[in-house]
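Structure below is run16.txt: compact mmCIF, C-alpha atoms.
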# COMPACT_ATOMS: atom_id res chain seq x y z
CA MET X 1 0.00 0.00 0.00
CA LYS X 2 1.51 3.31 -1.09
CA SER X 3 0.98 6.41 1.02
CA LEU X 4 1.56 10.13 0.73
CA VAL X 5 1.92 12.78 3.40
CA ALA X 6 0.77 16.06 1.86
CA PHE X 7 0.81 19.21 3.94
CA PHE X 8 0.46 22.96 4.02
CA SER X 9 2.40 24.80 6.69
CA ALA X 10 2.31 28.54 7.26
CA SER X 11 4.80 28.77 10.12
CA GLY X 12 6.72 25.47 10.05
CA VAL X 13 4.86 23.66 12.84
CA THR X 14 2.77 21.48 10.52
CA LYS X 15 5.82 20.92 8.31
CA LYS X 16 7.72 19.33 11.21
CA ALA X 17 4.78 17.03 12.01
CA ALA X 18 4.49 16.05 8.33
CA TYR X 19 8.20 15.24 8.04
CA ASP X 20 8.06 13.16 11.22
CA LEU X 21 4.95 11.32 10.01
CA SER X 22 6.47 10.63 6.60
CA ALA X 23 9.62 9.23 8.20
CA ALA X 24 7.64 7.11 10.70
CA ILE X 25 5.65 5.30 7.99
CA ASN X 26 8.05 5.58 5.04
CA ALA X 27 5.56 7.64 2.99
CA ASP X 28 6.21 10.01 0.13
CA LEU X 29 6.13 13.68 1.13
CA PHE X 30 4.55 16.62 -0.69
CA GLU X 31 4.45 20.23 0.47
CA ILE X 32 1.44 22.23 -0.69
CA GLU X 33 3.01 25.58 -1.50
CA PRO X 34 0.91 28.65 -2.24
CA ALA X 35 1.63 30.35 -5.59
CA VAL X 36 1.78 33.59 -3.61
CA PRO X 37 3.50 32.88 -0.28
CA TYR X 38 1.82 34.08 2.90
CA THR X 39 3.55 36.95 4.68
CA SER X 40 3.30 37.57 8.41
CA ALA X 41 0.80 40.37 7.62
CA ASP X 42 -1.28 37.87 5.60
CA LEU X 43 -1.41 35.60 8.65
CA ASN X 44 -2.45 38.27 11.15
CA TRP X 45 -5.57 36.66 12.67
CA ASN X 46 -6.48 39.92 14.42
CA ASP X 47 -6.70 41.92 11.18
CA ASN X 48 -10.08 41.57 9.47
CA ASN X 49 -8.44 42.63 6.21
CA SER X 50 -5.55 40.13 6.29
CA ARG X 51 -5.39 37.63 3.46
CA SER X 52 -6.00 34.60 5.67
CA THR X 53 -9.01 36.23 7.33
CA ILE X 54 -10.56 37.20 4.00
CA GLU X 55 -9.97 33.69 2.58
CA SER X 56 -11.47 32.03 5.65
CA ARG X 57 -14.68 34.05 5.34
CA ASP X 58 -15.07 33.23 1.62
CA VAL X 59 -16.06 29.58 1.24
CA ALA X 60 -15.43 29.87 -2.52
CA SER X 61 -11.86 31.09 -2.04
CA ARG X 62 -9.30 28.79 -3.67
CA PRO X 63 -5.74 30.08 -3.26
CA ALA X 64 -3.53 28.93 -6.12
CA ILE X 65 -0.92 26.24 -5.52
CA LYS X 66 2.59 26.55 -6.96
CA ASN X 67 3.33 22.83 -7.38
CA LYS X 68 1.57 19.59 -8.33
CA VAL X 69 1.58 16.04 -7.00
CA GLN X 70 3.04 13.66 -9.55
CA ASN X 71 0.59 10.84 -10.30
CA PRO X 72 -1.77 11.19 -7.31
CA GLY X 73 -3.57 8.01 -8.40
CA GLN X 74 -0.64 5.88 -7.25
CA TYR X 75 -1.50 6.50 -3.59
CA ASP X 76 -3.93 4.41 -1.57
CA VAL X 77 -3.80 6.60 1.52
CA VAL X 78 -3.16 10.33 1.73
CA PHE X 79 -2.32 11.84 5.10
CA LEU X 80 -3.31 15.48 4.70
CA GLY X 81 -1.94 18.02 7.16
CA PHE X 82 -2.52 21.70 7.80
CA PRO X 83 -2.85 24.25 10.59
CA ILE X 84 -6.38 24.86 11.85
CA TRP X 85 -7.58 28.30 10.77
CA TRP X 86 -10.89 29.50 12.16
CA TYR X 87 -11.85 25.97 13.30
CA THR X 88 -11.24 24.29 9.92
CA ALA X 89 -8.65 23.76 7.18
CA PRO X 90 -7.24 26.72 5.25
CA ARG X 91 -8.90 27.14 1.82
CA ILE X 92 -5.70 26.09 0.05
CA ILE X 93 -6.52 22.56 1.21
CA ASN X 94 -9.75 22.73 -0.82
CA THR X 95 -7.65 23.81 -3.82
CA PHE X 96 -5.36 20.81 -3.33
CA LEU X 97 -8.25 18.36 -3.10
CA GLU X 98 -10.03 19.80 -6.13
CA GLU X 99 -6.88 19.78 -8.30
CA ASN X 100 -6.15 16.10 -7.63
CA ASP X 101 -8.28 13.03 -8.25
CA PHE X 102 -8.52 11.15 -4.99
CA ALA X 103 -11.61 9.11 -5.90
CA GLY X 104 -11.60 5.84 -3.99
CA LYS X 105 -8.69 6.97 -1.79
CA LYS X 106 -8.55 7.22 1.97
CA ILE X 107 -7.69 10.73 3.21
CA VAL X 108 -6.56 10.88 6.83
CA LEU X 109 -6.51 14.38 8.26
CA PHE X 110 -3.97 15.68 10.73
CA ALA X 111 -3.47 19.20 11.93
CA THR X 112 -1.67 21.51 14.26
CA SER X 113 -3.57 24.06 16.27
CA GLY X 114 -3.12 26.74 18.85
CA GLY X 115 -6.24 25.69 20.66
CA SER X 116 -9.05 24.12 18.65
CA GLY X 117 -9.50 20.56 17.45
CA LEU X 118 -10.39 19.22 14.00
CA GLY X 119 -14.09 19.75 14.65
CA ASP X 120 -16.10 19.41 11.42
CA THR X 121 -13.08 19.72 9.13
CA ALA X 122 -13.61 16.31 7.48
CA THR X 123 -17.20 17.28 6.66
CA ASP X 124 -16.08 20.71 5.46
CA LEU X 125 -13.55 19.19 3.06
CA HIS X 126 -15.68 16.33 1.74
CA ALA X 127 -17.31 18.48 -0.97
CA SER X 128 -13.85 19.11 -2.46
CA ALA X 129 -13.21 15.38 -2.91
CA PRO X 130 -16.67 13.74 -2.73
CA ASN X 131 -15.49 10.32 -3.92
CA ALA X 132 -12.76 9.97 -1.30
CA THR X 133 -13.17 8.57 2.19
CA PHE X 134 -12.24 11.13 4.84
CA ILE X 135 -11.00 10.19 8.27
CA SER X 136 -10.87 12.90 10.90
CA GLY X 137 -7.47 12.03 12.31
CA LYS X 138 -5.85 13.99 15.09
CA ILE X 139 -4.10 17.12 16.22
CA LEU X 140 -0.33 16.55 16.13
CA ASN X 141 0.93 19.28 18.41
CA HIS X 142 2.66 16.84 20.78
CA TYR X 143 3.67 13.29 19.98
CA ASP X 144 6.55 10.85 20.14
CA SER X 145 7.81 8.84 17.16
CA GLU X 146 6.45 5.51 18.35
CA SER X 147 2.92 6.75 19.09
CA LEU X 148 2.90 8.65 15.78
CA LYS X 149 3.85 5.49 13.89
CA ASN X 150 1.29 3.36 15.75
CA TRP X 151 -1.46 5.89 15.08
CA ALA X 152 -0.71 6.16 11.35
CA GLU X 153 -0.23 2.45 10.70
CA GLN X 154 -3.88 1.73 11.56
CA PHE X 155 -4.83 3.47 8.30
CA LEU X 156 -2.35 1.64 6.06

Whole structure, structure tokens version:
Amino acid sequence: MKSLVAFFSASGVTKKAAYDLSAAINADLFEIEPAVPYTSADLNWNDNNSRSTIESRDVASRPAIKNKVQNPGQYDVVFLGFPIWWYTAPRIINTFLEENDFAGKKIVLFATSGGSGLGDTATDLHASAPNATFISGKILNHYDSESLKNWAEQFL
């Protein structure tokens, strides 16, 4: 069974979790990079006019992605990671799901968060990949290598 760890990271926290997860289960790794990188001003949660705030309020927002997954159909399981923004995934995750055909694939969500859980994120994302099976995974703020591996292997 071939697996992919795909992730978007704004500050590096989710990137570390994705690298650790990929190493733990020997999965391919893919970083979802925005075509226009986010600046610290774009990520200012307290500014109603910041890019991330505007995107989060617009359910149709689909930030462009700079890179593409090579042959996404080769993967049986996709571990999809991101920071939680306003209680759900950033809109760039919708872009990623809509630009790749994950029909019949298992998508296991993982996230990092300053305080909230995954909540309804799996439900929120399902419309972007309606023929995939979503699994609301876990928040990976704190973990050790062995528990990370044991958690992930249940989905392989």

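We find atom CA of X:His126 and atom CA of X:Ser40 to be spaced 29.3 Å apart.
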
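Interatomic distance, atom CA of X:Met1 to atom CA of X:Phe102: 14.9 Å.
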
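When all atoms listed in the file are used to measure the gap to X:Lys15, the shortest distance among X:Ile135, X:Phe110, X:Val59, X:Trp45 belongs to X:Phe110.
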
Looking at X:Phe8, X:Phe79, X:Trp85, X:Tyr19, which one is nearest to X:Ser52, with distances taken over only C-alpha atoms? X:Trp85

From atom CA of X:Leu156 to atom CA of X:Ser22 the spacing works out at 12.6 Å

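Taking all atoms listed in the file into account, X:Asn94 lies nearest to X:Pro63 out of the set X:Gly115, X:Gly81, X:Pro63, X:Gly73.
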
Please check which residues have atoms at most 10 Å from (-2.1, 9.3, 13.2) in the file's coordinates, counting all atoms listed in the file, and write them as a PyMOL selection string. chain X and resi 21+79+108-110+136-140+143+147-155

Kindly save the residues from that selection, with C-alpha atoms included, as a JSON list (two decimals), in the frame of the given file.
[["chain", "number", "residue", "atom", "x", "y", "z"],
["X", 21, "LEU", "CA", 4.95, 11.32, 10.01],
["X", 79, "PHE", "CA", -2.32, 11.84, 5.10],
["X", 108, "VAL", "CA", -6.56, 10.88, 6.83],
["X", 109, "LEU", "CA", -6.51, 14.38, 8.26],
["X", 110, "PHE", "CA", -3.97, 15.68, 10.73],
["X", 136, "SER", "CA", -10.87, 12.90, 10.90],
["X", 137, "GLY", "CA", -7.47, 12.03, 12.31],
["X", 138, "LYS", "CA", -5.85, 13.99, 15.09],
["X", 139, "ILE", "CA", -4.10, 17.12, 16.22],
["X", 140, "LEU", "CA", -0.33, 16.55, 16.13],
["X", 143, "TYR", "CA", 3.67, 13.29, 19.98],
["X", 147, "SER", "CA", 2.92, 6.75, 19.09],
["X", 148, "LEU", "CA", 2.90, 8.65, 15.78],
["X", 149, "LYS", "CA", 3.85, 5.49, 13.89],
["X", 150, "ASN", "CA", 1.29, 3.36, 15.75],
["X", 151, "TRP", "CA", -1.46, 5.89, 15.08],
["X", 152, "ALA", "CA", -0.71, 6.16, 11.35],
["X", 153, "GLU", "CA", -0.23, 2.45, 10.70],
["X", 154, "GLN", "CA", -3.88, 1.73, 11.56],
["X", 155, "PHE", "CA", -4.83, 3.47, 8.30]]

Taking into account all atoms listed in the file, which residue in the set X:Pro90, X:Pro130, X:Gly117, X:Gly104 is nearest to X:Ile32? X:Pro90

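The closest residue to X:Gln70, picked from X:Asp120, X:Ser3, X:Asn100, X:Ser50 and counting only C-alpha atoms, is X:Asn100.
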
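Once X:Phe30 and its same-chain neighbours fewer than 6 positions away are set aside, Leu4, Val5, Ala6, Phe7, Phe8, Lys68 and Val69 of chain X remain within 9 Å of it when counting all atoms listed in the file.
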
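Shortest separation to X:Ala24 among X:Ser9, X:Ser145, X:Thr95, X:Asn131 occurs at residue X:Ser145, atoms counted being only C-alpha atoms.
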
Would you list the residues near (-13.1, 21.5, 14.6) (no more than 9 Å away, in the coordinates of the file, using all atoms listed in the file) as a PyMOL selection string? chain X and resi 84+86-89+116-122

Is there a way to complete stretch 48-65 of chain X with N, CA and C atoms and then write that out as an mmCIF file, keeping the file's coordinate frame?
data_model
loop_
_atom_site.group_PDB
_atom_site.id
_atom_site.type_symbol
_atom_site.label_atom_id
_atom_site.label_comp_id
_atom_site.auth_asym_id
_atom_site.auth_seq_id
_atom_site.Cartn_x
_atom_site.Cartn_y
_atom_site.Cartn_z
ATOM 1 N N ASN X 48 -8.963 42.019 10.302
ATOM 2 C CA ASN X 48 -10.080 41.570 9.470
ATOM 3 C C ASN X 48 -9.816 41.706 7.977
ATOM 4 N N ASN X 49 -8.778 42.446 7.614
ATOM 5 C CA ASN X 49 -8.440 42.630 6.210
ATOM 6 C C ASN X 49 -7.212 41.826 5.781
ATOM 7 N N SER X 50 -6.706 40.957 6.675
ATOM 8 C CA SER X 50 -5.550 40.130 6.290
ATOM 9 C C SER X 50 -6.005 39.066 5.298
ATOM 10 N N ARG X 51 -5.087 38.619 4.497
ATOM 11 C CA ARG X 51 -5.390 37.630 3.460
ATOM 12 C C ARG X 51 -6.029 36.366 4.033
ATOM 13 N N SER X 52 -5.470 35.846 5.098
ATOM 14 C CA SER X 52 -6.000 34.600 5.670
ATOM 15 C C SER X 52 -7.405 34.800 6.228
ATOM 16 N N THR X 53 -7.675 35.951 6.795
ATOM 17 C CA THR X 53 -9.010 36.230 7.330
ATOM 18 C C THR X 53 -10.029 36.330 6.197
ATOM 19 N N ILE X 54 -9.662 37.043 5.154
ATOM 20 C CA ILE X 54 -10.560 37.200 4.000
ATOM 21 C C ILE X 54 -10.836 35.839 3.362
ATOM 22 N N GLU X 55 -9.788 35.031 3.169
ATOM 23 C CA GLU X 55 -9.970 33.690 2.580
ATOM 24 C C GLU X 55 -10.872 32.821 3.458
ATOM 25 N N SER X 56 -10.687 32.892 4.751
ATOM 26 C CA SER X 56 -11.470 32.030 5.650
ATOM 27 C C SER X 56 -12.961 32.378 5.619
ATOM 28 N N ARG X 57 -13.276 33.631 5.387
ATOM 29 C CA ARG X 57 -14.680 34.050 5.340
ATOM 30 C C ARG X 57 -15.343 33.720 4.005
ATOM 31 N N ASP X 58 -14.543 33.485 2.972
ATOM 32 C CA ASP X 58 -15.070 33.230 1.620
ATOM 33 C C ASP X 58 -14.968 31.737 1.318
ATOM 34 N N VAL X 59 -16.094 31.023 1.451
ATOM 35 C CA VAL X 59 -16.060 29.580 1.240
ATOM 36 C C VAL X 59 -15.692 29.202 -0.197
ATOM 37 N N ALA X 60 -15.802 30.136 -1.125
ATOM 38 C CA ALA X 60 -15.430 29.870 -2.520
ATOM 39 C C ALA X 60 -13.965 30.190 -2.807
ATOM 40 N N SER X 61 -13.263 30.733 -1.842
ATOM 41 C CA SER X 61 -11.860 31.090 -2.040
ATOM 42 C C SER X 61 -11.024 29.837 -2.307
ATOM 43 N N ARG X 62 -10.189 29.899 -3.338
ATOM 44 C CA ARG X 62 -9.300 28.790 -3.670
ATOM 45 C C ARG X 62 -7.920 29.344 -4.014
ATOM 46 N N PRO X 63 -7.086 29.572 -3.002
ATOM 47 C CA PRO X 63 -5.740 30.080 -3.260
ATOM 48 C C PRO X 63 -4.977 29.134 -4.192
ATOM 49 N N ALA X 64 -4.279 29.718 -5.146
ATOM 50 C CA ALA X 64 -3.530 28.930 -6.120
ATOM 51 C C ALA X 64 -2.345 28.221 -5.476
ATOM 52 N N ILE X 65 -2.046 27.045 -6.006
ATOM 53 C CA ILE X 65 -0.920 26.240 -5.520
ATOM 54 C C ILE X 65 0.189 26.268 -6.567
#
